[in-house]
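Report on the following structure.
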Amino acid sequence: MPKSQPNLYAFPNAEALASALRAYIVQSQNAGFTRHDSFKVAVSGGSLPKTLAQALLAPAKGLEDNLDFTKWEIFYADERAVPLDHADSNHALLKSEFLDKLPADQQPTVHPIDTAHLEDIQELADQYEKTLVGSFASRDSVRLPIFDLLLLGCGPDGHTCSLFPGHPLLRETDAWVAPIEDSPKPPPRRITLTLPVVTHAVRVAFVATGGGKKDIMKQIFDGSEGLPCTLVNDVAGERCSWFVDEPAVEGVGFPRKAFL
């Protein structure tokens, strides 16, 4: 059992969820600024960028609600081995939903994959790991990078990033970024942050919405062994927070918390 439990926050609608998620991200950003005058965040794809855009593009309600994207460094928790403008690209999705809508003077530093290595995904993963090393520290001085925040989704099978149930990649302990050639969800060729990197973050936030998620959410919060999302919950404990709507946790017995 984890030493602490994850936080489960459930909201009646998308607007309430986005508002709370924004407040949580502002807190995470400000803590990052205090630590190192920047905010190092990794994001995944799927429906997450749309929710992020709803949360982050809203007007600030005051100084305590301010987002300074110029000090953000955005990485990808996983990425597909496709060109950056491809329909399957997480970067293309985040760009169209969020980055392209930011003012020119509020653009963050973004770290996409190096598409020169699309035909060799081991090299693609190695080069992305070098990107992390360049931002965080040399591998000689830190065992794992420490993201200020990871923003993740949850698949209907309990996968997150490109870490899938039962896959050997879940046992990877050395690499920061790993390739996967046999993703059960297309496209099959991807790179992903490894589980030790994900669970080493200062904060991890999952966003899951819709009644289609309720069955897997029951399994995750019942502690079903081996599900990647469960593994993150188990290791990260209270550093992990779930932002969900009510349909996604219908029938889930795990106690909800009020978001303050």
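So you can find residues: chains in the structure tokens are A, B, ... in the order shown, residues in each start at 1, and ligands are numbered from 1 in order.
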DSSP strand (DSSP E or B) selection over stretch 42-231 of chain A, as a VMD selection string: chain A and resid 42 to 43 72 to 76 78 to 80 109 to 110 149 to 153 160 163 177 to 180 190 to 193 204 to 208
Which residues of stretch 78-170 of chain A come within 9 Å of stretch 218-240 of chain A, and what is each one's closest atom pair and distance in Å (one decimal), counting only C-alpha atoms, sorted by chain and residue number, as CSV?
residue,atom,partner,partner_atom,distance
A:Cys154,CA,A:Cys229,CA,7.0
A:Gly155,CA,A:Cys229,CA,9.0
A:Asp157,CA,A:Leu227,CA,7.9
A:Gly158,CA,A:Leu227,CA,5.5
A:His159,CA,A:Pro228,CA,5.3
A:Thr160,CA,A:Cys229,CA,6.2
A:Leu163,CA,A:Pro228,CA,6.4
A:Phe164,CA,A:Pro228,CA,6.4
A:Pro165,CA,A:Leu227,CA,5.3
A:Gly166,CA,A:Gly226,CA,6.7
A:Leu170,CA,A:Pro228,CA,7.6
Selection export as a PDB file, in the first residue's frame, atoms kept: C-alpha atoms:
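File written: again-v7.pdb
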ATOM      1  CA  CYS A 154      -6.095   7.796 -18.675  1.00  0.00           C
ATOM      2  CA  GLY A 155      -6.995   5.343 -21.422  1.00  0.00           C
ATOM      3  CA  ASP A 157      -7.496   0.151 -20.574  1.00  0.00           C
ATOM      4  CA  GLY A 158      -5.786   2.035 -17.736  1.00  0.00           C
ATOM      5  CA  HIS A 159      -2.770   3.121 -19.779  1.00  0.00           C
ATOM      6  CA  THR A 160      -1.125   6.502 -19.400  1.00  0.00           C
ATOM      7  CA  LEU A 163       2.759   2.808 -20.847  1.00  0.00           C
ATOM      8  CA  PHE A 164       0.320  -0.032 -21.443  1.00  0.00           C
ATOM      9  CA  PRO A 165      -0.984  -2.791 -19.154  1.00  0.00           C
ATOM     10  CA  GLY A 166       1.182  -5.890 -19.152  1.00  0.00           C
ATOM     11  CA  LEU A 170       6.542  -1.036 -17.286  1.00  0.00           C
TER      12      LEU A 170
END
Closest of A:His86, A:His200, A:Lys71, A:His91 to A:Pro49 - atom-to-atom distances counting only C-alpha atoms: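 Smallest separation from A:Pro49 among the options: A:His91.
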Gap from atom CA of A:Ile74 to atom CA of A:Leu56 - Å, one decimal: 13.7 Å
Option closest in space to A:Ala258, from A:Ala14, A:Leu144, A:Ile113, A:Ala20 [counting only C-alpha atoms]: A:Ala20
Distance criterion (only C-alpha atoms): nearest to A:Ala104 out of A:Phe69, A:Ala60, A:Pro83, A:Leu8: A:Phe69
Among listed residues A:Gly45, A:Val26, A:Asp174, A:Phe11, nearest A:Asp88 (using only C-alpha atoms):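 Closest to A:Asp88 of all the choices is A:Gly45.
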Counting only C-alpha atoms, the residue of A:Glu64, A:Glu97, A:Asp120, A:Glu129 that sits nearest A:Tyr76: A:Glu129
Non-local contacts of A:Lys214 (9 Å; only C-alpha atoms; under 2 positions in same chain excluded) as an MDAnalysis selection string: chainID A and resid 156 209:212 216:219 247:252
Convert the current residue selection to file output with N, CA, C and O atoms, as a PDB file, in the first residue's frame.
ATOM      1  N   PRO A 156      -8.947   3.900 -21.692  1.00  0.00           N
ATOM      2  CA  PRO A 156      -9.983   2.970 -21.219  1.00  0.00           C
ATOM      3  C   PRO A 156      -9.432   1.631 -20.747  1.00  0.00           C
ATOM      4  O   PRO A 156     -10.138   0.865 -20.096  1.00  0.00           O
ATOM      5  N   THR A 209     -12.578  12.223 -18.136  1.00  0.00           N
ATOM      6  CA  THR A 209     -13.971  12.676 -18.195  1.00  0.00           C
ATOM      7  C   THR A 209     -14.821  11.701 -19.005  1.00  0.00           C
ATOM      8  O   THR A 209     -14.322  10.988 -19.867  1.00  0.00           O
ATOM      9  N   GLY A 210     -16.092  11.698 -18.694  1.00  0.00           N
ATOM     10  CA  GLY A 210     -17.059  10.930 -19.468  1.00  0.00           C
ATOM     11  C   GLY A 210     -17.383   9.574 -18.865  1.00  0.00           C
ATOM     12  O   GLY A 210     -16.538   8.930 -18.229  1.00  0.00           O
ATOM     13  N   GLY A 211     -18.620   9.143 -19.067  1.00  0.00           N
ATOM     14  CA  GLY A 211     -19.077   7.865 -18.539  1.00  0.00           C
ATOM     15  C   GLY A 211     -18.318   6.670 -19.083  1.00  0.00           C
ATOM     16  O   GLY A 211     -18.315   5.600 -18.461  1.00  0.00           O
ATOM     17  N   GLY A 212     -17.666   6.838 -20.227  1.00  0.00           N
ATOM     18  CA  GLY A 212     -16.879   5.750 -20.793  1.00  0.00           C
ATOM     19  C   GLY A 212     -15.681   5.372 -19.943  1.00  0.00           C
ATOM     20  O   GLY A 212     -15.073   4.320 -20.167  1.00  0.00           O
ATOM     21  N   ILE A 216     -13.047   1.605 -15.981  1.00  0.00           N
ATOM     22  CA  ILE A 216     -11.610   1.558 -15.703  1.00  0.00           C
ATOM     23  C   ILE A 216     -11.287   2.345 -14.435  1.00  0.00           C
ATOM     24  O   ILE A 216     -10.379   1.971 -13.675  1.00  0.00           O
ATOM     25  N   MET A 217     -12.033   3.410 -14.157  1.00  0.00           N
ATOM     26  CA  MET A 217     -11.791   4.169 -12.924  1.00  0.00           C
ATOM     27  C   MET A 217     -12.093   3.298 -11.696  1.00  0.00           C
ATOM     28  O   MET A 217     -11.377   3.382 -10.682  1.00  0.00           O
ATOM     29  N   LYS A 218     -13.116   2.460 -11.781  1.00  0.00           N
ATOM     30  CA  LYS A 218     -13.394   1.536 -10.675  1.00  0.00           C
ATOM     31  C   LYS A 218     -12.203   0.619 -10.446  1.00  0.00           C
ATOM     32  O   LYS A 218     -11.786   0.384  -9.307  1.00  0.00           O
ATOM     33  N   GLN A 219     -11.640   0.107 -11.540  1.00  0.00           N
ATOM     34  CA  GLN A 219     -10.494  -0.804 -11.411  1.00  0.00           C
ATOM     35  C   GLN A 219      -9.283  -0.073 -10.829  1.00  0.00           C
ATOM     36  O   GLN A 219      -8.584  -0.595  -9.954  1.00  0.00           O
ATOM     37  N   PRO A 247     -19.651  11.722 -14.190  1.00  0.00           N
ATOM     38  CA  PRO A 247     -19.894  10.481 -14.928  1.00  0.00           C
ATOM     39  C   PRO A 247     -18.697   9.528 -14.948  1.00  0.00           C
ATOM     40  O   PRO A 247     -18.875   8.307 -14.989  1.00  0.00           O
ATOM     41  N   ALA A 248     -17.474  10.071 -14.893  1.00  0.00           N
ATOM     42  CA  ALA A 248     -16.277   9.224 -14.962  1.00  0.00           C
ATOM     43  C   ALA A 248     -16.076   8.400 -13.695  1.00  0.00           C
ATOM     44  O   ALA A 248     -15.381   7.379 -13.732  1.00  0.00           O
ATOM     45  N   VAL A 249     -16.660   8.844 -12.589  1.00  0.00           N
ATOM     46  CA  VAL A 249     -16.454   8.118 -11.324  1.00  0.00           C
ATOM     47  C   VAL A 249     -17.779   7.606 -10.745  1.00  0.00           C
ATOM     48  O   VAL A 249     -17.872   7.314  -9.548  1.00  0.00           O
ATOM     49  N   GLU A 250     -18.782   7.459 -11.607  1.00  0.00           N
ATOM     50  CA  GLU A 250     -20.040   6.870 -11.154  1.00  0.00           C
ATOM     51  C   GLU A 250     -19.776   5.451 -10.642  1.00  0.00           C
ATOM     52  O   GLU A 250     -19.191   4.627 -11.333  1.00  0.00           O
ATOM     53  N   GLY A 251     -20.164   5.184  -9.408  1.00  0.00           N
ATOM     54  CA  GLY A 251     -19.964   3.862  -8.836  1.00  0.00           C
ATOM     55  C   GLY A 251     -18.604   3.631  -8.218  1.00  0.00           C
ATOM     56  O   GLY A 251     -18.345   2.560  -7.668  1.00  0.00           O
ATOM     57  N   VAL A 252     -17.712   4.610  -8.288  1.00  0.00           N
ATOM     58  CA  VAL A 252     -16.389   4.488  -7.683  1.00  0.00           C
ATOM     59  C   VAL A 252     -16.495   4.816  -6.192  1.00  0.00           C
ATOM     60  O   VAL A 252     -16.963   5.894  -5.821  1.00  0.00           O
TER      61      VAL A 252
END
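Backbone DSSP assigns helix (DSSP H, G or I) in stretch 37-99 of chain A to Leu48, Pro49, Lys50, Thr51, Leu52, Ala53, Gln54, Ala55, Leu56, Leu63, Glu64, Asp65, Phe69, Thr70, Lys71, Asn90, His91, Ala92, Leu93, Leu94, Lys95, Ser96, Glu97 and Leu99 of chain A.
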